[in-house]
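Heads up: the structure comes next, in structure tokens.
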Amino acid sequence: MLKIELKYENKTLASYQTESEQLNIGRNPKNDILIDNMAVSNFHATVKKVMNAYFIEDLNSTNGTFVNEKKIVKYELLDGDEIIIGKHSLLFSFVDKSGNPINFDATMVLDTRKQKELLKKNCSHQGFNPAE
């Protein structure tokens, strides 16, 4: 799940958690994330989910969209990226359904019984016995 914190001068104005396939960002009230500032275009940028990745794309805005201080046209978002739109920033992070941060560096623990069954099945197809 994607978490977005809208900030202005280090103050959090709004926080969003979503699994939506697309989010629109801009000054127009029709946007999913409204940034009421004249430096922001009516339809400034969009965030789209493609499979398990999120991409932000500038929609030919007047003042541009910046990711980690670099101007972008389209960019794959990574956990912790900071987007600058006008004088506002949006902090992107990935969270679980409870809103807790996801640790991408952690190794997931498998059910060892099921893992041993899978290994045994795959190895026996290849003429190898893992018990030896």
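To be explicit about the labels: the chains of the structure tokens are called A, B, and onward in the order shown, and within each one the residues are counted from 1, while ligands get numbers from 1 in the order they are shown.
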
Using only C-alpha atoms, tabulate the residues of segment 74-94 of chain A lying at most 10 Å from any atom of segment 13-17 of chain A, each with its closest atom pair and that distance in Å to one decimal, by chain and increasing residue number, as a tab-separated table.
```
residue	atom	partner	partner_atom	distance
A:His88	CA	A:Leu13	CA	9.6
A:Leu90	CA	A:Ser15	CA	9.3
A:Leu91	CA	A:Ser15	CA	9.4
A:Phe92	CA	A:Tyr16	CA	9.7
A:Ser93	CA	A:Gln17	CA	9.5
A:Phe94	CA	A:Gln17	CA	9.1
```

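Neighbours of Ala53 of chain A closer than or equal to 9 Å, with only C-alpha atoms counted and sequence neighbours fewer than 3 positions away skipped, come out as Lys48, Lys49, Val50, Glu76, Leu77 and Leu78 of chain A.
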
TODO: Work out how far atom CA of Phe43 of chain A is from atom CA of Gly26 of chain A, in Å to one decimal.
DONE: 4.6 Å

- [ ] Tell me which protein, DNA and RNA residues are within 10 Å of Ile85 of chain A, counting only C-alpha atoms, leaving out same-chain ones fewer than 2 positions away, and put them as an NGL selection string.
- [x] :A and (25-26 or 35 or 37 or 39-41 or 44-45 or 58 or 61 or 63-67 or 82-83 or 87-90)

Output file for the selection above: all heavy atoms, as a compact mmCIF listing (two decimals), in the first residue's frame:
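again.txt, written as the output of this step:
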```
# COMPACT_ATOMS: atom_id res chain seq x y z
N ILE A 25 -2.72 14.62 -9.04
CA ILE A 25 -2.24 15.66 -8.13
C ILE A 25 -2.31 16.99 -8.85
O ILE A 25 -1.86 17.11 -10.00
CB ILE A 25 -0.78 15.39 -7.71
CG1 ILE A 25 -0.65 13.99 -7.09
CG2 ILE A 25 -0.28 16.47 -6.75
CD1 ILE A 25 0.78 13.52 -6.95
N GLY A 26 -2.87 18.00 -8.19
CA GLY A 26 -2.91 19.32 -8.79
C GLY A 26 -3.77 20.29 -8.02
O GLY A 26 -4.29 19.98 -6.94
N ILE A 35 -3.60 20.40 -4.13
CA ILE A 35 -2.59 21.33 -3.61
C ILE A 35 -3.03 22.72 -4.02
O ILE A 35 -2.89 23.10 -5.18
CB ILE A 35 -1.18 21.01 -4.12
CG1 ILE A 35 -0.79 19.57 -3.78
CG2 ILE A 35 -0.17 22.00 -3.53
CD1 ILE A 35 0.55 19.14 -4.35
N ASN A 37 -2.34 25.95 -4.43
CA ASN A 37 -1.24 26.91 -4.52
C ASN A 37 -1.08 27.29 -5.99
O ASN A 37 -1.09 26.42 -6.86
CB ASN A 37 0.04 26.28 -3.97
CG ASN A 37 1.18 27.27 -3.91
OD1 ASN A 37 1.77 27.59 -4.93
ND2 ASN A 37 1.49 27.75 -2.72
N ALA A 39 1.42 28.03 -7.69
CA ALA A 39 2.61 27.48 -8.33
C ALA A 39 2.36 26.06 -8.86
O ALA A 39 3.19 25.50 -9.56
CB ALA A 39 3.78 27.47 -7.36
N VAL A 40 1.19 25.51 -8.53
CA VAL A 40 0.83 24.15 -8.93
C VAL A 40 -0.15 24.24 -10.09
O VAL A 40 -1.13 24.99 -10.04
CB VAL A 40 0.20 23.39 -7.74
CG1 VAL A 40 -0.22 22.00 -8.14
CG2 VAL A 40 1.18 23.36 -6.57
N SER A 41 0.10 23.46 -11.14
CA SER A 41 -0.82 23.43 -12.28
C SER A 41 -2.13 22.76 -11.89
O SER A 41 -2.19 21.98 -10.94
CB SER A 41 -0.19 22.67 -13.45
OG SER A 41 0.96 23.36 -13.92
N HIS A 44 -1.36 18.66 -12.40
CA HIS A 44 0.10 18.78 -12.36
C HIS A 44 0.83 17.46 -12.64
O HIS A 44 1.75 17.41 -13.44
CB HIS A 44 0.52 19.33 -10.99
CG HIS A 44 1.90 19.87 -10.95
ND1 HIS A 44 2.17 21.21 -11.01
CD2 HIS A 44 3.10 19.25 -10.87
CE1 HIS A 44 3.47 21.40 -10.96
NE2 HIS A 44 4.06 20.21 -10.87
N ALA A 45 0.43 16.40 -11.93
CA ALA A 45 1.13 15.12 -12.04
C ALA A 45 0.15 13.99 -11.74
O ALA A 45 -0.92 14.21 -11.17
CB ALA A 45 2.31 15.06 -11.08
N ASP A 58 4.90 13.71 -14.71
CA ASP A 58 4.55 15.12 -14.82
C ASP A 58 3.59 15.27 -16.00
O ASP A 58 3.79 14.67 -17.05
CB ASP A 58 5.81 15.97 -15.04
CG ASP A 58 5.49 17.43 -15.07
OD1 ASP A 58 5.35 18.02 -13.99
OD2 ASP A 58 5.35 17.99 -16.18
N SER A 61 3.34 20.18 -16.63
CA SER A 61 3.07 21.29 -15.72
C SER A 61 3.97 22.47 -16.03
O SER A 61 5.04 22.32 -16.62
CB SER A 61 3.29 20.83 -14.27
OG SER A 61 4.66 20.53 -14.05
N ASN A 63 5.60 24.48 -13.80
CA ASN A 63 6.79 24.56 -12.95
C ASN A 63 7.51 23.25 -12.73
O ASN A 63 8.50 23.20 -12.01
CB ASN A 63 6.41 25.19 -11.61
CG ASN A 63 6.02 26.64 -11.78
OD1 ASN A 63 6.72 27.40 -12.43
ND2 ASN A 63 4.89 27.03 -11.22
N GLY A 64 7.03 22.17 -13.32
CA GLY A 64 7.73 20.90 -13.25
C GLY A 64 7.45 20.11 -11.98
O GLY A 64 6.89 20.61 -11.00
N THR A 65 7.87 18.85 -12.04
CA THR A 65 7.78 17.92 -10.91
C THR A 65 9.19 17.43 -10.61
O THR A 65 9.92 17.07 -11.54
CB THR A 65 6.85 16.73 -11.26
OG1 THR A 65 5.55 17.25 -11.57
CG2 THR A 65 6.74 15.75 -10.11
N PHE A 66 9.56 17.41 -9.35
CA PHE A 66 10.91 17.04 -8.95
C PHE A 66 10.87 15.86 -7.99
O PHE A 66 10.06 15.82 -7.09
CB PHE A 66 11.61 18.23 -8.27
CG PHE A 66 11.78 19.41 -9.19
CD1 PHE A 66 10.73 20.28 -9.43
CD2 PHE A 66 12.99 19.63 -9.82
CE1 PHE A 66 10.88 21.36 -10.28
CE2 PHE A 66 13.15 20.71 -10.69
CZ PHE A 66 12.09 21.58 -10.92
N VAL A 67 11.75 14.90 -8.21
CA VAL A 67 11.90 13.76 -7.32
C VAL A 67 13.31 13.83 -6.75
O VAL A 67 14.29 13.83 -7.50
CB VAL A 67 11.69 12.42 -8.04
CG1 VAL A 67 11.93 11.26 -7.09
CG2 VAL A 67 10.29 12.34 -8.64
N GLU A 82 11.06 11.84 -2.10
CA GLU A 82 10.40 13.11 -1.83
C GLU A 82 10.12 13.80 -3.15
O GLU A 82 11.03 14.02 -3.95
CB GLU A 82 11.26 14.02 -0.96
CG GLU A 82 10.58 15.33 -0.65
CD GLU A 82 11.44 16.27 0.17
OE1 GLU A 82 12.68 16.24 0.02
OE2 GLU A 82 10.87 17.05 0.94
N ILE A 83 8.86 14.14 -3.37
CA ILE A 83 8.44 14.81 -4.59
C ILE A 83 8.19 16.27 -4.24
O ILE A 83 7.56 16.57 -3.21
CB ILE A 83 7.13 14.19 -5.15
CG1 ILE A 83 7.28 12.76 -5.68
CG2 ILE A 83 6.58 15.01 -6.29
CD1 ILE A 83 8.37 11.95 -5.33
N LYS A 87 5.60 24.67 -4.04
CA LYS A 87 6.28 24.86 -2.75
C LYS A 87 5.97 23.74 -1.77
O LYS A 87 6.35 23.80 -0.61
CB LYS A 87 5.88 26.21 -2.15
CG LYS A 87 6.33 27.40 -2.97
CD LYS A 87 5.92 28.68 -2.31
CE LYS A 87 6.43 29.88 -3.10
NZ LYS A 87 6.13 31.15 -2.45
N HIS A 88 5.29 22.72 -2.25
CA HIS A 88 4.88 21.60 -1.40
C HIS A 88 5.74 20.37 -1.68
O HIS A 88 6.28 20.21 -2.76
CB HIS A 88 3.41 21.25 -1.65
CG HIS A 88 2.46 22.29 -1.16
ND1 HIS A 88 2.31 23.51 -1.77
CD2 HIS A 88 1.64 22.29 -0.09
CE1 HIS A 88 1.41 24.23 -1.10
NE2 HIS A 88 0.98 23.51 -0.08
N SER A 89 5.82 19.51 -0.69
CA SER A 89 6.51 18.25 -0.89
C SER A 89 5.55 17.11 -0.55
O SER A 89 4.63 17.27 0.26
CB SER A 89 7.78 18.16 -0.03
OG SER A 89 7.46 18.18 1.34
N LEU A 90 5.78 15.99 -1.21
CA LEU A 90 5.00 14.78 -0.96
C LEU A 90 6.01 13.69 -0.65
O LEU A 90 6.91 13.42 -1.45
CB LEU A 90 4.17 14.40 -2.18
CG LEU A 90 3.11 15.42 -2.56
CD1 LEU A 90 3.42 16.00 -3.92
CD2 LEU A 90 1.75 14.79 -2.56
```

Open item on the list: Please report the interatomic distance between atom CA of Leu59 of chain A and atom CA of Thr46 of chain A in Å with one decimal.
Closed with: 7.1 Å

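Note that the spacing between atom CA of Val73 of chain A and atom CA of Val95 of chain A amounts to 25.4 Å.
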
Open item on the list: Could you list, as a ChimeraX atom specification, every residue within 9 Å of Lys74 of chain A, counting only C-alpha atoms and ignoring same-chain residues fewer than 3 positions away?
Closed with: /A:55-58

Task: Filtered DSSP result for chain A, state strand (DSSP E), as a count of residues only - done: 54

Open item on the list: List as a PyMOL selection string the protein and nucleic acid residues near Ser98 of chain A, meaning an atom at most 12 Å away when only C-alpha atoms are counted, but skip any in the same chain fewer than 6 places from it.
Closed with: chain A and resi 1-3+17-18

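Proximity to Asn68 of chain A was assessed for A:Tyr8, A:Glu19, A:Lys97, A:Gly80 counting only C-alpha atoms; the smallest distance is recorded for A:Gly80.
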
- [ ] If you run DSSP over the backbone, which residues in chain A end up alpha helix (DSSP H)? Put them as a PyMOL selection string.
- [x] chain A and resi 112-125
